[in-house]
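Participant: Data: protein-v2.cif, mmCIF, C-alpha atoms.
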```cif
data_final
loop_
_atom_site.label_atom_id
_atom_site.label_comp_id
_atom_site.auth_asym_id
_atom_site.auth_seq_id
_atom_site.Cartn_x
_atom_site.Cartn_y
_atom_site.Cartn_z
CA MET A 14 -48.75 -12.08 27.15
CA SER A 15 -51.44 -12.67 24.56
CA LEU A 16 -51.11 -15.22 21.77
CA ARG A 17 -51.11 -12.43 19.18
CA ASN A 18 -48.23 -10.61 20.88
CA ARG A 19 -46.25 -13.84 21.26
CA LEU A 20 -46.66 -14.71 17.59
CA LEU A 21 -45.75 -11.16 16.61
CA LEU A 22 -42.66 -11.27 18.81
CA ILE A 23 -41.49 -14.64 17.46
CA LEU A 24 -42.25 -14.02 13.78
CA GLY A 25 -41.25 -10.34 13.85
CA GLY A 26 -38.03 -11.13 15.72
CA THR A 27 -37.18 -13.86 13.20
CA PHE A 28 -37.80 -11.49 10.28
CA ILE A 29 -35.73 -8.75 11.90
CA VAL A 30 -32.79 -11.09 12.52
CA LEU A 31 -32.88 -12.64 9.04
CA TRP A 32 -33.34 -9.34 7.17
CA SER A 33 -30.62 -7.68 9.28
CA LEU A 34 -28.12 -10.47 8.59
CA ALA A 35 -28.92 -10.39 4.89
CA ALA A 36 -28.62 -6.60 4.82
CA LEU A 37 -25.27 -6.62 6.64
CA TRP A 38 -23.93 -9.21 4.22
CA LEU A 39 -25.22 -7.27 1.21
CA LEU A 40 -23.91 -3.92 2.44
CA GLY A 41 -20.49 -5.32 3.38
CA ASP A 42 -20.16 -6.89 -0.06
CA LEU A 43 -21.34 -3.66 -1.69
CA ARG A 44 -18.73 -1.63 0.22
CA ARG A 45 -15.95 -3.95 -1.00
CA GLU A 46 -17.19 -3.76 -4.58
CA VAL A 47 -17.33 0.05 -4.50
CA ASN A 48 -13.74 0.15 -3.19
CA VAL A 49 -12.61 -2.19 -5.96
CA ALA A 50 -14.40 -0.09 -8.60
CA LEU A 51 -12.86 3.15 -7.31
CA ASP A 52 -9.40 1.56 -7.24
CA GLN A 53 -9.89 0.32 -10.80
CA ARG A 54 -10.84 3.86 -11.81
CA LEU A 55 -7.58 5.16 -10.32
CA ALA A 56 -5.52 2.51 -12.11
CA SER A 57 -7.23 2.96 -15.46
CA SER A 58 -6.88 6.75 -15.22
CA ALA A 59 -3.14 6.39 -14.59
CA ARG A 60 -2.84 4.06 -17.59
CA MET A 61 -4.84 6.48 -19.75
CA VAL A 62 -2.63 9.44 -18.79
CA ALA A 63 0.53 7.38 -19.34
CA GLY A 64 -0.73 6.36 -22.78
CA LEU A 65 -1.53 9.95 -23.70
CA LEU A 66 1.85 11.19 -22.53
CA GLU A 67 3.66 8.49 -24.49
CA GLN A 68 2.14 9.97 -27.64
CA LEU A 69 3.68 13.40 -26.93
CA PRO A 70 7.18 14.25 -28.13
CA GLN A 71 9.79 13.12 -25.61
CA PRO A 72 11.20 14.34 -23.35
CA LEU A 73 8.43 16.54 -22.00
CA PRO A 74 9.59 20.14 -22.26
CA SER A 75 9.30 21.83 -18.86
CA HIS A 76 8.46 25.23 -20.37
CA SER A 77 5.52 24.03 -22.50
CA ALA A 78 1.89 24.20 -21.48
CA ASN A 79 0.69 21.58 -19.04
CA PRO A 80 -0.76 18.73 -21.16
CA LEU A 81 -2.89 17.65 -18.19
CA SER A 82 -4.63 21.02 -17.88
CA ALA A 83 -7.10 19.98 -20.57
CA ILE A 84 -7.88 16.69 -18.85
CA GLU A 85 -10.80 17.12 -16.49
CA MET A 86 -11.09 14.03 -14.34
CA SER A 87 -13.96 14.32 -11.92
CA GLY A 88 -12.69 13.93 -8.37
CA LEU A 89 -9.26 12.76 -9.50
CA VAL A 90 -5.88 14.43 -9.49
CA CYS A 91 -2.85 13.38 -11.49
CA GLN A 92 0.87 14.00 -11.25
CA VAL A 93 3.65 12.93 -13.62
CA ARG A 94 7.23 12.75 -12.37
CA SER A 95 10.51 11.89 -13.99
CA LEU A 96 12.52 8.92 -12.74
CA ARG A 97 14.65 11.42 -10.78
CA GLY A 98 11.52 12.55 -8.92
CA GLU A 99 10.99 16.02 -10.39
CA VAL A 100 7.33 16.85 -11.05
CA LEU A 101 6.87 17.37 -14.79
CA VAL A 102 3.12 18.01 -14.99
CA ARG A 103 0.11 17.88 -12.73
CA THR A 104 -3.60 18.56 -12.91
CA PRO A 105 -4.63 22.07 -11.85
CA ASN A 106 -6.56 20.80 -8.81
CA MET A 107 -3.53 18.85 -7.57
CA PRO A 108 -2.10 19.58 -4.10
CA GLN A 109 1.41 21.01 -4.24
CA ALA A 110 2.94 18.13 -2.25
CA THR A 111 4.25 15.03 -4.01
CA LEU A 112 1.61 12.31 -3.96
CA ALA A 113 3.86 9.28 -3.88
CA GLU A 114 7.41 8.27 -3.54
CA HIS A 115 9.01 5.88 -6.01
CA SER A 116 6.81 2.86 -5.45
CA VAL A 117 4.28 1.26 -7.75
CA GLY A 118 0.72 0.38 -6.76
CA PHE A 119 -1.92 1.61 -4.37
CA HIS A 120 -1.16 3.76 -1.31
CA GLU A 121 -2.98 5.85 1.25
CA ILE A 122 -1.24 9.11 2.06
CA SER A 123 -1.92 12.29 4.02
CA ILE A 124 -1.29 15.74 2.62
CA GLY A 125 -1.99 18.37 5.21
CA ASP A 126 -5.26 17.37 6.83
CA GLU A 127 -6.54 15.45 3.79
CA ARG A 128 -6.17 11.72 3.22
CA TRP A 129 -5.72 10.45 -0.35
CA ARG A 130 -5.90 7.05 -2.05
CA SER A 131 -3.33 6.96 -4.85
CA PHE A 132 -2.15 4.64 -7.59
CA THR A 133 1.33 4.96 -9.07
CA LEU A 134 2.37 3.47 -12.38
CA LYS A 135 5.89 3.39 -13.83
CA ARG A 136 5.99 3.71 -17.61
CA GLN A 137 9.29 3.93 -19.46
CA HIS A 138 10.84 7.15 -18.10
CA LEU A 139 7.81 8.41 -16.10
CA TRP A 140 6.02 7.87 -12.80
CA VAL A 141 2.29 8.55 -13.25
CA THR A 142 0.26 8.93 -10.06
CA THR A 143 -3.50 9.39 -9.86
CA ALA A 144 -5.34 9.98 -6.60
CA ASP A 145 -8.68 10.81 -5.10
CA ARG A 146 -9.60 12.08 -1.67
CA ILE A 147 -10.72 9.44 0.81
CA ASP A 148 -13.45 11.69 2.22
CA GLU A 149 -15.01 11.91 -1.27
CA ARG A 150 -14.85 8.11 -1.50
CA GLU A 151 -16.54 7.79 1.87
CA THR A 152 -19.28 10.25 0.86
CA LEU A 153 -19.96 8.24 -2.29
CA GLN A 154 -19.97 4.97 -0.34
CA SER A 155 -22.38 6.40 2.23
CA ALA A 156 -24.77 7.54 -0.48
CA ILE A 157 -24.66 4.12 -2.14
CA LEU A 158 -25.14 2.30 1.17
CA ILE A 159 -28.13 4.47 2.08
CA ALA A 160 -29.64 3.85 -1.35
CA ALA A 161 -29.16 0.10 -0.86
CA ALA A 162 -30.27 0.01 2.80
CA LEU A 163 -33.47 2.01 2.36
CA PRO A 164 -35.32 -0.67 0.32
CA VAL A 165 -34.24 -3.32 2.83
CA ALA A 166 -35.53 -1.24 5.76
CA LEU A 167 -38.82 -0.53 3.98
CA ALA A 168 -39.25 -4.22 3.11
CA LEU A 169 -38.60 -5.17 6.74
CA LEU A 170 -41.12 -2.61 7.97
CA GLY A 171 -43.66 -3.77 5.39
CA SER A 172 -43.11 -7.39 6.42
CA LEU A 173 -43.72 -6.55 10.07
CA VAL A 174 -46.96 -4.71 9.20
CA LEU A 175 -48.14 -7.66 7.09
CA ILE A 176 -47.28 -10.09 9.90
CA TRP A 177 -49.30 -7.94 12.31
CA PHE A 178 -52.37 -7.97 10.09
CA GLY A 179 -51.89 -11.62 9.13
CA ILE A 180 -51.76 -12.73 12.74
CA GLY A 181 -54.84 -10.65 13.50
CA ARG A 182 -56.73 -12.19 10.61
CA GLY A 183 -55.53 -15.71 11.45
CA LEU A 184 -56.56 -15.39 15.07
CA SER A 185 -59.98 -13.83 14.32
CA PRO A 186 -61.82 -17.21 14.57
CA LEU A 187 -60.37 -17.62 18.06
CA GLN A 188 -61.54 -14.12 18.94
CA SER A 189 -65.08 -14.98 17.85
CA LEU A 190 -65.01 -18.22 19.92
CA ARG A 191 -63.82 -16.26 22.94
CA SER A 192 -66.77 -13.90 22.72
CA LEU A 193 -69.30 -16.77 22.85
#
```
Any chance you could put this one into structure tokens?
Facilitator:
Amino acid sequence: MSLRNRLLLILGGTFIVLWSLAALWLLGDLRREVNVALDQRLASSARMVAGLLEQLPQPLPSHSANPLSAIEMSGLVCQVRSLRGEVLVRTPNMPQATLAEHSVGFHEISIGDERWRSFTLKRQHLWVTTADRIDERETLQSAILIAAALPVALALLGSLVLIWFGIGRGLSPLQSLRSL
């Protein structure tokens, strides 16, 4: 094996290992942060809906128009239940099944063949549940991870090309000695 190939293998291998470890660390941390941000969005949406509903006359009349029909939450669904469990209002894009039983906090549930991440909040006489589909979360995470991984991959490729040319340039005096 030539000196140039050995140097390329050692330096290129080192760069690949270091960049790969850094990228895995970055992408793992990014995935956790995206999950936290999406969970915070669920919780804040539930608090917002609960706050809006507390401003309406109580109790919520079952024959009136759905107060959530005007709320357009991108990718989110919302359901409000009484303490007895009857569904009072829901967003129009809400599945017909009940999203959560009487428990507060975050949950993962399946409705039909869809998986949902939900957050339930108990406020006075209401259970407010917001949810989003896990497949939509995964699509968003994949797009973010690709956007973050692409610059790392390009930087790694660029580094390898620069190492190749740098080794060639550094070894050029030896090449000229060899030809003598």
Participant: So which residues touch segment 17-30 of chain A within 7 Å, counting only C-alpha atoms, skipping near sequence neighbours fewer than 3 positions away, as a PDB file with C-alpha atoms, keeping the file's coordinate frame?
Facilitator:
```
ATOM      1  CA  MET A  14     -48.750 -12.080  27.150  1.00  0.00           C
ATOM      2  CA  SER A  33     -30.620  -7.680   9.280  1.00  0.00           C
ATOM      3  CA  LEU A  34     -28.120 -10.470   8.590  1.00  0.00           C
ATOM      4  CA  LEU A 169     -38.600  -5.170   6.740  1.00  0.00           C
ATOM      5  CA  LEU A 173     -43.720  -6.550  10.070  1.00  0.00           C
ATOM      6  CA  ILE A 176     -47.280 -10.090   9.900  1.00  0.00           C
ATOM      7  CA  TRP A 177     -49.300  -7.940  12.310  1.00  0.00           C
ATOM      8  CA  ILE A 180     -51.760 -12.730  12.740  1.00  0.00           C
TER       9      ILE A 180
END
```
Participant: From the list A:Val141, A:Ile124, A:Ala35, A:Ala50, which residue is nearest Leu153 of chain A when using all atoms listed in the file?
Facilitator: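 Smallest separation from Leu153 of chain A among the options: A:Ala50.
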Participant: What are the closest atom pairs, with distances in Å to one decimal, for all residues of segment 102-188 of chain A lying within 9 Å of segment 59-63 of chain A? Consider only C-alpha atoms, order rows by chain and residue number, and present the result as a tab-separated table.
Facilitator:
```
residue	atom	partner	partner_atom	distance
A:Phe132	CA	A:Ala59	CA	7.3
A:Thr133	CA	A:Ala59	CA	7.2
A:Leu134	CA	A:Ala59	CA	6.6
A:Lys135	CA	A:Ala63	CA	8.7
A:Arg136	CA	A:Ala63	CA	6.8
A:Leu139	CA	A:Ala63	CA	8.0
A:Trp140	CA	A:Ala63	CA	8.6
A:Val141	CA	A:Ala59	CA	6.0
A:Thr142	CA	A:Ala59	CA	6.2
A:Thr143	CA	A:Ala59	CA	5.6
```
Participant: I need the residues from that last selection saved to file as a PDB file, keeping the file's coordinate frame (with C-alpha atoms), if you can.
Facilitator:
```pdb
ATOM      1  CA  PHE A 132      -2.150   4.640  -7.590  1.00  0.00           C
ATOM      2  CA  THR A 133       1.330   4.960  -9.070  1.00  0.00           C
ATOM      3  CA  LEU A 134       2.370   3.470 -12.380  1.00  0.00           C
ATOM      4  CA  LYS A 135       5.890   3.390 -13.830  1.00  0.00           C
ATOM      5  CA  ARG A 136       5.990   3.710 -17.610  1.00  0.00           C
ATOM      6  CA  LEU A 139       7.810   8.410 -16.100  1.00  0.00           C
ATOM      7  CA  TRP A 140       6.020   7.870 -12.800  1.00  0.00           C
ATOM      8  CA  VAL A 141       2.290   8.550 -13.250  1.00  0.00           C
ATOM      9  CA  THR A 142       0.260   8.930 -10.060  1.00  0.00           C
ATOM     10  CA  THR A 143      -3.500   9.390  -9.860  1.00  0.00           C
TER      11      THR A 143
END
```
Participant: Once the PyMOL selection byres ((chain A and resi 54) around 12) is applied to the coordinates I shared, what remains selected? I want it as a list in words.
Facilitator: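 Taken on the displayed file, the PyMOL selection byres ((chain A and resi 54) around 12) yields the residues Val47, Asn48, Val49, Ala50, Leu51, Asp52, Gln53, Leu55, Ala56, Ser57, Ser58, Ala59, Arg60, Met61, Met86, Ser87, Gly88, Leu89, Val90, Phe119, Arg130, Ser131, Phe132, Thr143, Ala144, Asp145 and Arg150 of chain A.
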Participant: Figure out the distance between atom CA of Ser185 of chain A and atom CA of Trp32 of chain A, please, to one decimal in Å.
Facilitator: 27.9 Å
Participant: One decimal, Å: what's the distance from atom CA of Glu46 of chain A over to atom CA of Glu149 of chain A, could you say?
Facilitator: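 Answer for the atom CA of Glu46 of chain A to atom CA of Glu149 of chain A separation: 16.2 Å.
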Participant: Let me make sure I understand: among A:Ile147, A:Pro105, A:Ala156, A:Ala36, which one has the smallest atom-to-atom distance to Ala168 of chain A if we use all atoms listed in the file?
Facilitator: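 Closest candidate: A:Ala36.
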Participant: Could you check how far atom CA of Met107 of chain A sits from atom CA of Asp126 of chain A, in Å to one decimal?
Facilitator: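 If I compute the distance from atom CA of Met107 of chain A to atom CA of Asp126 of chain A, I get 14.6 Å.
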Participant: Pick from A:Ile157, A:Val117, A:Ser15, A:Asp148: nearest to Leu43 of chain A, with only C-alpha atoms counted?
Facilitator: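 Of the candidates, the smallest distance to Leu43 of chain A is held by A:Ile157.
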Participant: Considering all atoms listed in the file, can you say which of A:His138, A:Glu67, A:Ser123, A:Val165 comes closest to Leu96 of chain A?
Facilitator: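 Among A:His138, A:Glu67, A:Ser123, A:Val165, it is A:His138 that comes nearest to Leu96 of chain A.
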